[in-house]
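Q: My questions all concern the structure below.
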Amino acid sequence: MSFVLRRQAARVVCLDPHRRVLMIRAIDPVDESKPPWWELPGGGIDPGESAEAACLRELREEAGMATAVMGPCIWTQHAQFRFAGWDFDQHERIHVAHSDGSTELPTRLEAFEALAFRGQRWWALDELLASDEPTVPPRLREFLPPIIEGIYPESPLDISPG
């Protein structure tokens with residue numbers, strides 16, 4: 001039986017003033033058979049940390065973003081996956097945030113992130129919907145349009161795959 005990293009995690013739909021969403025390009029550094037994907041910034045929630053604080057920390061660490069205004073938790077997701085040779089079983093809270101689009105601070109990536117991340121970009125909704133590249137969360141394209149329009153669910157929606 002292999003080790004499974006079970007954790008609480010947070011991701012963030014970060015929007016700029018043009019209603020574009022920030023996404024990070026990633027690969028699996030130990031599995032070249034996996035295609036590259038685009039993911040929302042995020043990661044594990046540290047002990048004693050709120051999901052909102054984790055989102056802000058991850059935006060600083062992964063994207064070099066100095067400031068963002070956190071909004072509500074809009075989605076949840078249960079994700080099971082293999083990355084960098086590790087098996088993950090995580091429950092995610094996905095928040096919305098707004099920023100001025102500035103990502104000028106130096107990033108502070110963990111070792112596997114430094115090997116995996118291949119840049120970032122702001123995606124307009126029409127560009128993202130026209131792309132067939134994988135995303136994390138996998139159902140992002142399905143649930144993102146109302147968020148871009150500023151329409152948030154009354155309580156977080158479960159967008160788990162499958």
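In the structure tokens, the first chain shown is A, the next is B, and so on; residue numbers restart at 1 for each chain, and ligands run from 1 in the order shown.
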If you run DSSP on this backbone, which residues of segment 59-117 of chain A come out as strand (DSSP E), and could you give them as JSON, numbers by chain?

A: {"A": [69, 70, 71, 72, 73, 74, 75, 76, 77, 78, 79, 80, 81, 82, 83, 86, 87, 88, 89, 90, 91, 92, 93, 94, 95, 96, 97, 98, 117]}

Q: List as a tab-separated table (two decimals) with all heavy atoms, in the first residue's frame the protein and nucleic acid residues near segment 61-63 of chain A, meaning an atom at most 9 Å away when only C-alpha atoms are counted, but skip any in the same chain fewer than 5 places from it.

A:
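Now in around_19.tsv:
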chain	number	residue	atom	x	y	z
A	22	LEU	N	-6.42	34.32	-13.67
A	22	LEU	CA	-5.00	33.95	-13.60
A	22	LEU	C	-4.87	32.44	-13.51
A	22	LEU	O	-5.50	31.81	-12.66
A	22	LEU	CB	-4.34	34.60	-12.38
A	22	LEU	CG	-2.86	34.28	-12.19
A	22	LEU	CD1	-2.03	34.85	-13.35
A	22	LEU	CD2	-2.38	34.81	-10.86
A	23	MET	N	-4.03	31.88	-14.39
A	23	MET	CA	-3.79	30.44	-14.36
A	23	MET	C	-2.30	30.17	-14.53
A	23	MET	O	-1.58	30.95	-15.17
A	23	MET	CB	-4.61	29.73	-15.43
A	23	MET	CG	-6.11	29.94	-15.20
A	23	MET	SD	-7.15	28.88	-16.17
A	23	MET	CE	-6.86	27.31	-15.41
A	24	ILE	N	-1.87	29.06	-13.97
A	24	ILE	CA	-0.47	28.65	-14.00
A	24	ILE	C	-0.33	27.42	-14.89
A	24	ILE	O	-1.11	26.46	-14.75
A	24	ILE	CB	0.04	28.35	-12.57
A	24	ILE	CG1	-0.01	29.64	-11.74
A	24	ILE	CG2	1.44	27.75	-12.60
A	24	ILE	CD1	0.25	29.45	-10.28
A	41	PRO	N	-4.15	29.00	-9.11
A	41	PRO	CA	-3.19	28.99	-8.01
A	41	PRO	C	-3.81	28.37	-6.76
A	41	PRO	O	-5.00	28.53	-6.50
A	41	PRO	CB	-2.90	30.49	-7.79
A	41	PRO	CG	-3.29	31.15	-9.07
A	41	PRO	CD	-4.42	30.33	-9.63
A	42	GLY	N	-2.99	27.68	-6.01
A	42	GLY	CA	-3.49	27.09	-4.77
A	42	GLY	C	-2.56	26.02	-4.24
A	42	GLY	O	-1.55	25.69	-4.85
A	56	LEU	N	-4.37	33.80	-0.37
A	56	LEU	CA	-3.50	34.98	-0.49
A	56	LEU	C	-2.02	34.57	-0.47
A	56	LEU	O	-1.22	35.09	-1.25
A	56	LEU	CB	-3.79	35.97	0.63
A	56	LEU	CG	-5.14	36.69	0.54
A	56	LEU	CD1	-5.42	37.48	1.81
A	56	LEU	CD2	-5.18	37.59	-0.70
A	103	THR	N	1.71	41.07	-10.99
A	103	THR	CA	2.39	39.88	-10.46
A	103	THR	C	3.90	40.10	-10.53
A	103	THR	O	4.62	39.37	-11.19
A	103	THR	CB	1.99	38.61	-11.25
A	103	THR	OG1	2.28	38.83	-12.64
A	103	THR	CG2	0.52	38.29	-11.08
A	104	GLU	N	4.36	41.13	-9.83
A	104	GLU	CA	5.75	41.57	-9.95
A	104	GLU	C	6.67	41.10	-8.84
A	104	GLU	O	7.88	41.27	-8.94
A	104	GLU	CB	5.78	43.09	-10.04
A	104	GLU	CG	5.05	43.60	-11.28
A	104	GLU	CD	4.89	45.11	-11.31
A	104	GLU	OE1	5.28	45.78	-10.33
A	104	GLU	OE2	4.37	45.61	-12.31
A	105	LEU	N	6.14	40.53	-7.77
A	105	LEU	CA	7.00	40.06	-6.70
A	105	LEU	C	7.70	38.77	-7.11
A	105	LEU	O	7.17	38.01	-7.94
A	105	LEU	CB	6.18	39.80	-5.43
A	105	LEU	CG	5.52	41.00	-4.76
A	105	LEU	CD1	4.73	40.54	-3.55
A	105	LEU	CD2	6.56	42.03	-4.35
A	106	PRO	N	8.86	38.49	-6.54
A	106	PRO	CA	9.49	37.19	-6.83
A	106	PRO	C	8.63	36.06	-6.25
A	106	PRO	O	8.04	36.20	-5.18
A	106	PRO	CB	10.85	37.26	-6.13
A	106	PRO	CG	10.83	38.48	-5.28
A	106	PRO	CD	9.65	39.32	-5.65
A	107	THR	N	8.55	34.96	-6.98
A	107	THR	CA	7.80	33.81	-6.48
A	107	THR	C	8.64	33.07	-5.46
A	107	THR	O	9.86	33.23	-5.40
A	107	THR	CB	7.40	32.86	-7.64
A	107	THR	OG1	8.58	32.44	-8.30
A	107	THR	CG2	6.46	33.55	-8.61
A	108	ARG	N	7.98	32.26	-4.64
A	108	ARG	CA	8.65	31.43	-3.63
A	108	ARG	C	8.08	30.02	-3.77
A	108	ARG	O	7.21	29.62	-3.00
A	108	ARG	CB	8.43	31.99	-2.24
A	108	ARG	CG	9.04	33.37	-2.04
A	108	ARG	CD	8.95	33.82	-0.60
A	108	ARG	NE	7.60	33.72	-0.07
A	108	ARG	CZ	6.90	34.70	0.42
A	108	ARG	NH1	7.40	35.90	0.45
A	108	ARG	NH2	5.70	34.52	0.91
A	109	LEU	N	8.57	29.30	-4.76
A	109	LEU	CA	8.02	27.99	-5.08
A	109	LEU	C	8.68	26.89	-4.28
A	109	LEU	O	9.88	26.93	-4.00
A	109	LEU	CB	8.21	27.71	-6.58
A	109	LEU	CG	7.59	28.71	-7.54
A	109	LEU	CD1	7.95	28.35	-8.97
A	109	LEU	CD2	6.08	28.75	-7.36
A	110	GLU	N	7.87	25.88	-3.94
A	110	GLU	CA	8.41	24.66	-3.35
A	110	GLU	C	9.18	23.92	-4.46
A	110	GLU	O	9.01	24.20	-5.65
A	110	GLU	CB	7.27	23.79	-2.82
A	110	GLU	CG	6.52	24.42	-1.68
A	110	GLU	CD	5.27	23.66	-1.28
A	110	GLU	OE1	4.96	22.63	-1.92
A	110	GLU	OE2	4.61	24.09	-0.33
A	113	GLU	N	7.13	22.43	-7.26
A	113	GLU	CA	6.50	23.50	-8.02
A	113	GLU	C	7.49	24.14	-8.99
A	113	GLU	O	7.17	24.42	-10.14
A	113	GLU	CB	5.93	24.58	-7.08
A	113	GLU	CG	4.74	24.13	-6.27
A	113	GLU	CD	4.34	25.14	-5.22
A	113	GLU	OE1	5.17	25.95	-4.77
A	113	GLU	OE2	3.15	25.11	-4.83
A	117	PHE	N	6.15	24.19	-12.71
A	117	PHE	CA	5.52	25.39	-13.25
A	117	PHE	C	6.27	25.91	-14.47
A	117	PHE	O	7.49	26.01	-14.48
A	117	PHE	CB	5.40	26.47	-12.19
A	117	PHE	CG	4.39	26.17	-11.11
A	117	PHE	CD1	4.25	27.03	-10.05
A	117	PHE	CD2	3.60	25.04	-11.16
A	117	PHE	CE1	3.32	26.78	-9.04
A	117	PHE	CE2	2.66	24.77	-10.17
A	117	PHE	CZ	2.53	25.65	-9.10
A	119	GLY	N	5.20	28.87	-16.20
A	119	GLY	CA	4.71	30.21	-16.48
A	119	GLY	C	3.26	30.39	-16.08
A	119	GLY	O	2.62	29.47	-15.58
A	120	GLN	N	2.78	31.59	-16.30
A	120	GLN	CA	1.41	31.92	-15.94
A	120	GLN	C	0.88	32.91	-16.95
A	120	GLN	O	1.64	33.55	-17.67
A	120	GLN	CB	1.35	32.51	-14.53
A	120	GLN	CG	2.12	33.81	-14.39
A	120	GLN	CD	2.29	34.22	-12.95
A	120	GLN	OE1	2.36	33.39	-12.06
A	120	GLN	NE2	2.35	35.52	-12.70

Q: Between atom CA of Asp46 of chain A and atom CA of Arg20 of chain A, measure the distance and give it in Å to one decimal.

A: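 Spanning atom CA of Asp46 of chain A to atom CA of Arg20 of chain A is a straight-line distance of 28.0 Å.
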
Q: Please identify all polymer residues within 12 Å of Ala51 of chain A, counting only C-alpha atoms, omitting same-chain residues fewer than 2 positions from it, and present them as an MDAnalysis selection string.

A: chainID A and resid 8:12 42:49 53:58 70:74 76 91:96

Q: Restricting the calculation to only C-alpha atoms: of A:Trp123, A:Pro153, A:Glu32, A:His98, which residue gets closest to Thr135 of chain A?

A: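 Among the listed residues, the smallest separation from Thr135 of chain A belongs to A:Trp123.
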
Q: Enumerate as a short mmCIF file (atom, residue, chain, number, x, y, z; two decimals) with N, CA, C and O atoms, in the first residue's frame all residues of chain A assigned to helix (DSSP H, G or I) by DSSP on the backbone, naming them with the chain letters and numbers the document uses.

A:
data_model
loop_
_atom_site.label_atom_id
_atom_site.label_comp_id
_atom_site.auth_asym_id
_atom_site.auth_seq_id
_atom_site.Cartn_x
_atom_site.Cartn_y
_atom_site.Cartn_z
N ALA A 51 -8.71 29.17 4.81
CA ALA A 51 -8.65 28.99 3.36
C ALA A 51 -8.36 30.32 2.66
O ALA A 51 -7.60 30.37 1.70
N GLU A 52 -8.95 31.40 3.15
CA GLU A 52 -8.73 32.72 2.55
C GLU A 52 -7.26 33.12 2.67
O GLU A 52 -6.67 33.61 1.70
N ALA A 53 -6.67 32.92 3.85
CA ALA A 53 -5.26 33.25 4.05
C ALA A 53 -4.37 32.37 3.18
O ALA A 53 -3.36 32.83 2.63
N ALA A 54 -4.74 31.11 3.02
CA ALA A 54 -3.97 30.21 2.16
C ALA A 54 -4.02 30.70 0.71
O ALA A 54 -3.00 30.66 0.01
N CYS A 55 -5.18 31.15 0.26
CA CYS A 55 -5.29 31.68 -1.11
C CYS A 55 -4.36 32.88 -1.31
O CYS A 55 -3.64 32.94 -2.32
N LEU A 56 -4.37 33.80 -0.37
CA LEU A 56 -3.50 34.98 -0.49
C LEU A 56 -2.02 34.57 -0.47
O LEU A 56 -1.22 35.09 -1.25
N ARG A 57 -1.66 33.63 0.40
CA ARG A 57 -0.28 33.14 0.47
C ARG A 57 0.11 32.48 -0.84
O ARG A 57 1.20 32.72 -1.38
N GLU A 58 -0.77 31.64 -1.38
CA GLU A 58 -0.46 30.94 -2.63
C GLU A 58 -0.33 31.92 -3.79
O GLU A 58 0.52 31.74 -4.67
N LEU A 59 -1.14 32.98 -3.82
CA LEU A 59 -0.99 33.99 -4.87
C LEU A 59 0.37 34.67 -4.79
O LEU A 59 0.99 34.94 -5.82
N ARG A 60 0.85 34.93 -3.57
CA ARG A 60 2.19 35.52 -3.41
C ARG A 60 3.26 34.52 -3.84
O ARG A 60 4.15 34.86 -4.62
N GLU A 61 3.17 33.29 -3.30
CA GLU A 61 4.22 32.30 -3.55
C GLU A 61 4.27 31.85 -5.02
O GLU A 61 5.35 31.74 -5.59
N GLU A 62 3.12 31.55 -5.60
CA GLU A 62 3.09 30.95 -6.93
C GLU A 62 3.05 31.97 -8.06
O GLU A 62 3.54 31.68 -9.15
N ALA A 63 2.45 33.13 -7.82
CA ALA A 63 2.25 34.10 -8.90
C ALA A 63 2.97 35.43 -8.69
O ALA A 63 2.97 36.26 -9.58
N ALA A 111 10.01 22.96 -4.08
CA ALA A 111 10.89 22.29 -5.04
C ALA A 111 10.13 21.69 -6.23
O ALA A 111 10.49 21.92 -7.38
N PHE A 112 9.06 20.93 -5.96
CA PHE A 112 8.33 20.31 -7.05
C PHE A 112 7.59 21.35 -7.89
O PHE A 112 7.43 21.19 -9.10
N GLU A 113 7.13 22.43 -7.26
CA GLU A 113 6.50 23.50 -8.02
C GLU A 113 7.49 24.14 -8.99
O GLU A 113 7.17 24.42 -10.14
N ALA A 114 8.72 24.36 -8.50
CA ALA A 114 9.75 24.96 -9.35
C ALA A 114 10.04 24.08 -10.57
O ALA A 114 10.30 24.58 -11.66
N LEU A 115 9.97 22.78 -10.39
CA LEU A 115 10.17 21.86 -11.51
C LEU A 115 8.95 21.77 -12.42
O LEU A 115 9.08 21.50 -13.61
N ALA A 116 7.77 21.99 -11.85
CA ALA A 116 6.52 21.78 -12.58
C ALA A 116 6.00 23.01 -13.30
O ALA A 116 5.43 22.91 -14.38
N LEU A 125 -12.28 34.74 -20.71
CA LEU A 125 -13.20 33.61 -20.71
C LEU A 125 -13.32 32.98 -22.09
O LEU A 125 -13.26 31.76 -22.23
N ASP A 126 -13.46 33.78 -23.14
CA ASP A 126 -13.62 33.20 -24.48
C ASP A 126 -12.39 32.42 -24.90
O ASP A 126 -12.50 31.38 -25.56
N GLU A 127 -11.20 32.87 -24.52
CA GLU A 127 -9.97 32.13 -24.84
C GLU A 127 -9.95 30.78 -24.12
O GLU A 127 -9.60 29.76 -24.71
N LEU A 128 -10.32 30.81 -22.86
CA LEU A 128 -10.31 29.57 -22.07
C LEU A 128 -11.35 28.58 -22.60
O LEU A 128 -11.08 27.38 -22.72
N LEU A 129 -12.53 29.07 -22.93
CA LEU A 129 -13.57 28.20 -23.45
C LEU A 129 -13.19 27.61 -24.81
O LEU A 129 -13.60 26.50 -25.15
N ALA A 130 -12.41 28.34 -25.59
CA ALA A 130 -11.98 27.86 -26.92
C ALA A 130 -10.81 26.88 -26.84
O ALA A 130 -10.57 26.13 -27.79
N LEU A 140 -13.61 23.50 -14.56
CA LEU A 140 -13.51 24.95 -14.51
C LEU A 140 -14.35 25.63 -15.59
O LEU A 140 -15.11 26.56 -15.30
N ARG A 141 -14.24 25.17 -16.83
CA ARG A 141 -14.96 25.81 -17.93
C ARG A 141 -16.48 25.76 -17.73
O ARG A 141 -17.20 26.67 -18.14
N GLU A 142 -16.95 24.72 -17.09
CA GLU A 142 -18.39 24.54 -16.86
C GLU A 142 -18.95 25.57 -15.87
O GLU A 142 -20.07 26.06 -16.02
N PHE A 143 -18.15 25.88 -14.84
CA PHE A 143 -18.66 26.70 -13.74
C PHE A 143 -18.14 28.14 -13.73
O PHE A 143 -18.63 28.96 -12.96
N LEU A 144 -17.16 28.45 -14.57
CA LEU A 144 -16.54 29.77 -14.53
C LEU A 144 -17.40 30.92 -15.10
O LEU A 144 -17.35 32.03 -14.56
N PRO A 145 -18.18 30.72 -16.17
CA PRO A 145 -18.87 31.88 -16.77
C PRO A 145 -19.66 32.77 -15.80
O PRO A 145 -19.49 33.99 -15.84
N PRO A 146 -20.50 32.24 -14.90
CA PRO A 146 -21.21 33.17 -14.01
C PRO A 146 -20.27 33.90 -13.05
O PRO A 146 -20.53 35.05 -12.69
N ILE A 147 -19.19 33.26 -12.66
CA ILE A 147 -18.23 33.91 -11.75
C ILE A 147 -17.60 35.11 -12.44
O ILE A 147 -17.45 36.18 -11.83
N ILE A 148 -17.24 34.96 -13.69
CA ILE A 148 -16.67 36.07 -14.47
C ILE A 148 -17.66 37.25 -14.52
O ILE A 148 -17.25 38.41 -14.49
#

Q: One decimal, in Å: what's the spacing between atom CA of Met65 of chain A and atom CA of Gly150 of chain A?

A: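 Between atom CA of Met65 of chain A and atom CA of Gly150 of chain A the gap is 21.4 Å.
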
Q: Taking only C-alpha atoms into account, which of A:Ser102, A:Ile151, A:Val21, A:Phe83 comes nearest Ala66 of chain A?

A: A:Ser102
